[in-house]
Amino acid sequence: MPPILLFRSRNCIAFLFLHRNRRHLHLSLLSRHAISDARSHRSRCLRAPLYVRLPNPDANLIRSFSFTNTSLFLSIPNTFIIPLASNRSLALRWLYGHVLPFFPRSKISLISVGDDAVSSDLAPFLMPAIRNIYQALHDLGINKISVSTTFSFINAIATSFPPSSAMFQEPLGDLVIKPLLQFLEDSNSSFLVKIYPYNMYRINSEIPIGFTLFQEHPFNFRDDLMTGVRYRNLFDMMVDAVITSMAVAGHQNIPVVVAETGWPSSGGEYGEIDATPAYAETYIKGLVAHLRSGLGTPLRKEGVAETYIFELADKEVKQGTRNWGILYANMTKKYNIEFWQWQGLVLQ
């Protein structure tokens, strides 16, 4: 799976360097002053921390980030959940293959055990697998790597509007999410969720396209009549639905990481007329501008902790494929986006 893009710090601007002779793409995140000095040839550019999500990590890729001041977010495939739940030694074996040989030279900061593992055959094993990975890390003397799991908004949240009425789906909430939230609070980790306004827009014809794309129009808002809160975009509504659901479960202060978001430039199904490059570019620009503003959401003024934009590059173009990349499959530019104008943009 191609890498994903993360928006983080407000104090940095990203420059993209595509090394075609490498197996991965390398991104340098440079401070604003360093960029200014570099343009006038007065100083060398200074590195700032980089944050990267690897949805399908392998040892060579993890090793390639050694000594790069890059913080890595690794995901463990769903196929490992059941074995990990019953076998601590397998958890140690996975860590020996993906963490121990590289940490701390490769700055691994977060591990997601599974991705949207909500099916009835996986959900009962999720928390035991998470605990085994967490305990195995501590058995190895590693206590600076957080452990969590990733959910899809649509599969995790029962009611998305109004946000004040949101709650987690059952029986997933009682079986998995409530114990997970307690674990996250105890271990100082984050709730990871994939938020796609595009998908909500497709299943709800009453949502205006401009509301999903961060477009500023006089009547481009929705009010939560229960609280009187006014929302200017669908992304904030979805984030606040997650925050309300956590509060209902008794854990309102856990940080939220948007593990994936984006907008497709082409549709995988007939009739996806809004999956266009123009709308995808508008969404990405609007999202980054909103995150840069520092306004947060109505229910969480500090906003989400991190937001990863899916994805860096398209897969090989085939008819009927939904493409999300900000670059074409051949790594050429798709949108009229100047990365250097964006503070804190990180590509993985």
# chains A, B, ... in the order shown; residues from 1 in each chain; ligands from 1

call {"tool": "residues_around", "arguments": {"residues": "region 59-72 of chain A", "least_positions_apart": "6", "cutoff": "7 Å", "atoms": "only C-alpha atoms", "output": "VMD selection string"}}
result
chain A and resid 49 to 53 97 to 98 102 105 to 110

call {"tool": "write_last_selection", "arguments": {"atoms": "N, CA and C atoms", "output": "short mmCIF file (atom, residue, chain, number, x, y, z; two decimals), in the first residue's frame"}}
result
data_model
loop_
_atom_site.label_atom_id
_atom_site.label_comp_id
_atom_site.auth_asym_id
_atom_site.auth_seq_id
_atom_site.Cartn_x
_atom_site.Cartn_y
_atom_site.Cartn_z
N PRO A 49 11.19 17.44 13.02
CA PRO A 49 10.66 16.07 13.09
C PRO A 49 9.67 15.76 11.98
N LEU A 50 9.70 14.52 11.53
CA LEU A 50 8.83 14.03 10.47
C LEU A 50 7.94 12.94 11.06
N TYR A 51 6.70 12.84 10.58
CA TYR A 51 5.76 11.84 11.10
C TYR A 51 5.21 11.05 9.93
N VAL A 52 5.33 9.73 9.99
CA VAL A 52 5.02 8.87 8.86
C VAL A 52 4.21 7.68 9.30
N ARG A 53 3.17 7.35 8.55
CA ARG A 53 2.40 6.14 8.80
C ARG A 53 2.75 5.09 7.74
N GLY A 97 10.95 -8.75 14.73
CA GLY A 97 11.10 -8.55 13.29
C GLY A 97 10.89 -7.13 12.82
N HIS A 98 10.09 -6.34 13.57
CA HIS A 98 9.68 -5.02 13.07
C HIS A 98 10.09 -3.85 13.96
N PHE A 102 15.49 -2.08 15.01
CA PHE A 102 15.57 -0.72 14.46
C PHE A 102 15.37 0.37 15.51
N ARG A 105 16.87 3.75 16.68
CA ARG A 105 17.43 4.43 15.50
C ARG A 105 16.32 4.84 14.55
N SER A 106 15.35 3.94 14.35
CA SER A 106 14.09 4.30 13.68
C SER A 106 13.09 4.65 14.78
N LYS A 107 12.57 5.86 14.75
CA LYS A 107 11.76 6.37 15.87
C LYS A 107 10.31 5.90 15.75
N ILE A 108 10.09 4.65 16.12
CA ILE A 108 8.74 4.09 16.10
C ILE A 108 7.98 4.64 17.31
N SER A 109 6.85 5.28 17.07
CA SER A 109 6.12 5.93 18.16
C SER A 109 4.76 5.31 18.42
N LEU A 110 4.19 4.60 17.44
CA LEU A 110 2.82 4.11 17.57
C LEU A 110 2.64 2.84 16.77
#

call {"tool": "select_by_dssp", "arguments": {"residues": "region 228-305 of chain A", "states": "strand (DSSP E)", "output": "PyMOL selection string"}}
result
chain A and resi 229-231+256-261

call {"tool": "closest_residue", "arguments": {"among": "A:Ala275, A:Ala289, A:Leu192, A:Met200", "to": "Ser148 (chain A)", "atoms": "only C-alpha atoms"}}
result
A:Leu192

call {"tool": "atom_distance", "arguments": {"atom1": "CA of His138 (chain A)", "atom2": "CA of Lys194 (chain A)"}}
result
27.8 Å

call {"tool": "residues_around", "arguments": {"residues": "region 171-185 of chain A", "least_positions_apart": "4", "cutoff": "10 Å", "atoms": "only C-alpha atoms", "output": "PyMOL selection string"}}
result
chain A and resi 118-120+123-127+130-131+146-149+151+155-158+167+189-191+245-246+248-255

call {"tool": "select_by_dssp", "arguments": {"residues": "region 132-199 of chain A", "states": "helix (DSSP H, G or I)", "output": "PyMOL selection string"}}
result
chain A and resi 132-139+153-156+163-165+172-187+197-199

call {"tool": "residues_around", "arguments": {"residues": "Phe214 (chain A)", "least_positions_apart": "5", "cutoff": "7 Å", "atoms": "only C-alpha atoms", "output": "MDAnalysis selection string"}}
result
chainID A and resid 233 283 286:287

call {"tool": "residues_around", "arguments": {"residues": "Phe221 (chain A)", "least_positions_apart": "3", "cutoff": "12 Å", "atoms": "only C-alpha atoms", "output": "list of chain:residue names"}}
result
A:Ile207, A:Pro208, A:Ile209, A:Gly210, A:Phe211, A:Thr212, A:Leu213, A:Phe214, A:Gln215, A:Glu216, A:His217, A:Pro218, A:Asp224, A:Val229, A:Arg230, A:Tyr231, A:Arg232, A:Asn233, A:Leu234, A:Phe235, A:Asp236, A:Met237

call {"tool": "write_last_selection", "arguments": {"atoms": "N, CA, C and O atoms", "output": "PDB file, in the first residue's frame"}}
result
ATOM      1  N   ILE A 207     -26.568  15.993   2.301  1.00  0.00           N
ATOM      2  CA  ILE A 207     -25.344  16.729   2.616  1.00  0.00           C
ATOM      3  C   ILE A 207     -24.881  17.493   1.380  1.00  0.00           C
ATOM      4  O   ILE A 207     -24.637  16.888   0.331  1.00  0.00           O
ATOM      5  N   PRO A 208     -24.740  18.818   1.445  1.00  0.00           N
ATOM      6  CA  PRO A 208     -24.256  19.578   0.286  1.00  0.00           C
ATOM      7  C   PRO A 208     -22.777  19.310   0.030  1.00  0.00           C
ATOM      8  O   PRO A 208     -21.996  19.144   0.967  1.00  0.00           O
ATOM      9  N   ILE A 209     -22.404  19.314  -1.232  1.00  0.00           N
ATOM     10  CA  ILE A 209     -21.018  19.026  -1.593  1.00  0.00           C
ATOM     11  C   ILE A 209     -20.066  20.051  -0.986  1.00  0.00           C
ATOM     12  O   ILE A 209     -18.965  19.711  -0.524  1.00  0.00           O
ATOM     13  N   GLY A 210     -20.470  21.309  -0.929  1.00  0.00           N
ATOM     14  CA  GLY A 210     -19.597  22.336  -0.375  1.00  0.00           C
ATOM     15  C   GLY A 210     -19.299  22.136   1.096  1.00  0.00           C
ATOM     16  O   GLY A 210     -18.224  22.495   1.581  1.00  0.00           O
ATOM     17  N   PHE A 211     -20.254  21.539   1.826  1.00  0.00           N
ATOM     18  CA  PHE A 211     -20.072  21.277   3.254  1.00  0.00           C
ATOM     19  C   PHE A 211     -19.006  20.220   3.484  1.00  0.00           C
ATOM     20  O   PHE A 211     -18.312  20.234   4.494  1.00  0.00           O
ATOM     21  N   THR A 212     -18.845  19.317   2.550  1.00  0.00           N
ATOM     22  CA  THR A 212     -17.824  18.270   2.675  1.00  0.00           C
ATOM     23  C   THR A 212     -16.454  18.763   2.241  1.00  0.00           C
ATOM     24  O   THR A 212     -15.437  18.186   2.619  1.00  0.00           O
ATOM     25  N   LEU A 213     -16.421  19.841   1.435  1.00  0.00           N
ATOM     26  CA  LEU A 213     -15.170  20.304   0.816  1.00  0.00           C
ATOM     27  C   LEU A 213     -14.593  21.538   1.496  1.00  0.00           C
ATOM     28  O   LEU A 213     -13.691  22.176   0.942  1.00  0.00           O
ATOM     29  N   PHE A 214     -15.087  21.900   2.683  1.00  0.00           N
ATOM     30  CA  PHE A 214     -14.585  23.063   3.431  1.00  0.00           C
ATOM     31  C   PHE A 214     -14.811  24.370   2.687  1.00  0.00           C
ATOM     32  O   PHE A 214     -14.111  25.354   2.921  1.00  0.00           O
ATOM     33  N   GLN A 215     -15.800  24.401   1.796  1.00  0.00           N
ATOM     34  CA  GLN A 215     -16.062  25.632   1.054  1.00  0.00           C
ATOM     35  C   GLN A 215     -16.858  26.598   1.918  1.00  0.00           C
ATOM     36  O   GLN A 215     -17.778  26.202   2.637  1.00  0.00           O
ATOM     37  N   GLU A 216     -16.494  27.867   1.854  1.00  0.00           N
ATOM     38  CA  GLU A 216     -17.111  28.882   2.697  1.00  0.00           C
ATOM     39  C   GLU A 216     -18.200  29.615   1.924  1.00  0.00           C
ATOM     40  O   GLU A 216     -17.927  30.470   1.097  1.00  0.00           O
ATOM     41  N   HIS A 217     -19.443  29.245   2.192  1.00  0.00           N
ATOM     42  CA  HIS A 217     -20.601  29.910   1.620  1.00  0.00           C
ATOM     43  C   HIS A 217     -21.496  30.373   2.764  1.00  0.00           C
ATOM     44  O   HIS A 217     -21.476  29.794   3.861  1.00  0.00           O
ATOM     45  N   PRO A 218     -22.302  31.411   2.537  1.00  0.00           N
ATOM     46  CA  PRO A 218     -23.132  31.956   3.624  1.00  0.00           C
ATOM     47  C   PRO A 218     -24.019  30.922   4.307  1.00  0.00           C
ATOM     48  O   PRO A 218     -24.243  30.988   5.510  1.00  0.00           O
ATOM     49  N   ASP A 224     -26.307  21.815  15.287  1.00  0.00           N
ATOM     50  CA  ASP A 224     -26.711  20.768  16.214  1.00  0.00           C
ATOM     51  C   ASP A 224     -27.751  21.392  17.138  1.00  0.00           C
ATOM     52  O   ASP A 224     -27.414  22.170  18.035  1.00  0.00           O
ATOM     53  N   VAL A 229     -24.610  24.218  18.681  1.00  0.00           N
ATOM     54  CA  VAL A 229     -23.299  24.328  18.020  1.00  0.00           C
ATOM     55  C   VAL A 229     -23.498  24.368  16.513  1.00  0.00           C
ATOM     56  O   VAL A 229     -24.281  23.590  15.956  1.00  0.00           O
ATOM     57  N   ARG A 230     -22.794  25.272  15.858  1.00  0.00           N
ATOM     58  CA  ARG A 230     -22.857  25.403  14.399  1.00  0.00           C
ATOM     59  C   ARG A 230     -21.610  24.791  13.768  1.00  0.00           C
ATOM     60  O   ARG A 230     -20.484  25.095  14.168  1.00  0.00           O
ATOM     61  N   TYR A 231     -21.804  23.941  12.784  1.00  0.00           N
ATOM     62  CA  TYR A 231     -20.700  23.284  12.083  1.00  0.00           C
ATOM     63  C   TYR A 231     -20.568  23.838  10.676  1.00  0.00           C
ATOM     64  O   TYR A 231     -21.564  23.995   9.957  1.00  0.00           O
ATOM     65  N   ARG A 232     -19.331  24.120  10.282  1.00  0.00           N
ATOM     66  CA  ARG A 232     -19.048  24.685   8.963  1.00  0.00           C
ATOM     67  C   ARG A 232     -18.503  23.649   7.984  1.00  0.00           C
ATOM     68  O   ARG A 232     -18.312  23.959   6.820  1.00  0.00           O
ATOM     69  N   ASN A 233     -18.228  22.447   8.463  1.00  0.00           N
ATOM     70  CA  ASN A 233     -17.739  21.407   7.558  1.00  0.00           C
ATOM     71  C   ASN A 233     -18.051  20.036   8.150  1.00  0.00           C
ATOM     72  O   ASN A 233     -18.219  19.891   9.359  1.00  0.00           O
ATOM     73  N   LEU A 234     -18.120  19.041   7.277  1.00  0.00           N
ATOM     74  CA  LEU A 234     -18.487  17.688   7.696  1.00  0.00           C
ATOM     75  C   LEU A 234     -17.374  17.009   8.488  1.00  0.00           C
ATOM     76  O   LEU A 234     -17.649  16.197   9.377  1.00  0.00           O
ATOM     77  N   PHE A 235     -16.124  17.341   8.192  1.00  0.00           N
ATOM     78  CA  PHE A 235     -14.996  16.751   8.914  1.00  0.00           C
ATOM     79  C   PHE A 235     -15.119  17.015  10.410  1.00  0.00           C
ATOM     80  O   PHE A 235     -15.000  16.101  11.235  1.00  0.00           O
ATOM     81  N   ASP A 236     -15.380  18.258  10.807  1.00  0.00           N
ATOM     82  CA  ASP A 236     -15.517  18.594  12.226  1.00  0.00           C
ATOM     83  C   ASP A 236     -16.706  17.879  12.857  1.00  0.00           C
ATOM     84  O   ASP A 236     -16.633  17.442  14.021  1.00  0.00           O
ATOM     85  N   MET A 237     -17.788  17.756  12.103  1.00  0.00           N
ATOM     86  CA  MET A 237     -18.951  17.042  12.638  1.00  0.00           C
ATOM     87  C   MET A 237     -18.601  15.598  12.957  1.00  0.00           C
ATOM     88  O   MET A 237     -19.000  15.060  14.000  1.00  0.00           O
TER      89      MET A 237
END

call {"tool": "closest_residue", "arguments": {"among": "A:Ala280, A:Ile111, A:Leu95, A:Leu74", "to": "Gly141 (chain A)", "atoms": "only C-alpha atoms"}}
result
A:Leu95

call {"tool": "atom_distance", "arguments": {"atom1": "CA of Val239 (chain A)", "atom2": "CA of Ile133 (chain A)"}}
result
27.4 Å

call {"tool": "atom_distance", "arguments": {"atom1": "CA of Glu302 (chain A)", "atom2": "CA of Tyr196 (chain A)"}}
result
20.4 Å

call {"tool": "closest_residue", "arguments": {"among": "A:Glu260, A:Asp139, A:Asp121, A:Asp115", "to": "Leu100 (chain A)", "atoms": "only C-alpha atoms"}}
result
A:Asp139

call {"tool": "residues_around", "arguments": {"residues": "Gly114 (chain A)", "least_positions_apart": "6", "cutoff": "7 Å", "atoms": "only C-alpha atoms", "output": "short mmCIF file (atom, residue, chain, number, x, y, z; two decimals) with N, CA, C and O atoms, in the first residue's frame"}}
result
data_model
loop_
_atom_site.label_atom_id
_atom_site.label_comp_id
_atom_site.auth_asym_id
_atom_site.auth_seq_id
_atom_site.Cartn_x
_atom_site.Cartn_y
_atom_site.Cartn_z
N SER A 75 1.38 -0.43 11.40
CA SER A 75 0.14 -1.19 11.53
C SER A 75 0.42 -2.68 11.42
O SER A 75 1.21 -3.11 10.57
N ILE A 76 -0.23 -3.46 12.28
CA ILE A 76 -0.15 -4.92 12.22
C ILE A 76 -1.38 -5.44 11.49
O ILE A 76 -2.51 -5.10 11.85
N PRO A 77 -1.23 -6.25 10.43
CA PRO A 77 -2.38 -6.73 9.66
C PRO A 77 -3.37 -7.53 10.49
O PRO A 77 -3.02 -8.15 11.51
N ASN A 78 -4.63 -7.51 10.06
CA ASN A 78 -5.69 -8.21 10.77
C ASN A 78 -5.44 -9.71 10.89
O ASN A 78 -5.92 -10.35 11.84
N ILE A 81 -4.20 -10.90 14.29
CA ILE A 81 -4.90 -10.60 15.54
C ILE A 81 -5.17 -11.86 16.36
O ILE A 81 -4.86 -11.91 17.56
N THR A 149 -5.55 0.59 18.18
CA THR A 149 -6.08 -0.05 16.98
C THR A 149 -6.84 1.01 16.20
O THR A 149 -7.14 2.09 16.72
N THR A 150 -7.16 0.72 14.94
CA THR A 150 -7.78 1.69 14.05
C THR A 150 -9.20 1.26 13.70
O THR A 150 -9.44 0.10 13.36
#

call {"tool": "closest_residue", "arguments": {"among": "A:Ala305, A:Ile273, A:Ala259, A:Ile284", "to": "Leu54 (chain A)", "atoms": "only C-alpha atoms"}}
result
A:Ala259

call {"tool": "closest_residue", "arguments": {"among": "A:Arg88, A:Lys301, A:Arg292, A:Arg93", "to": "Gln135 (chain A)", "atoms": "only C-alpha atoms"}}
result
A:Arg88
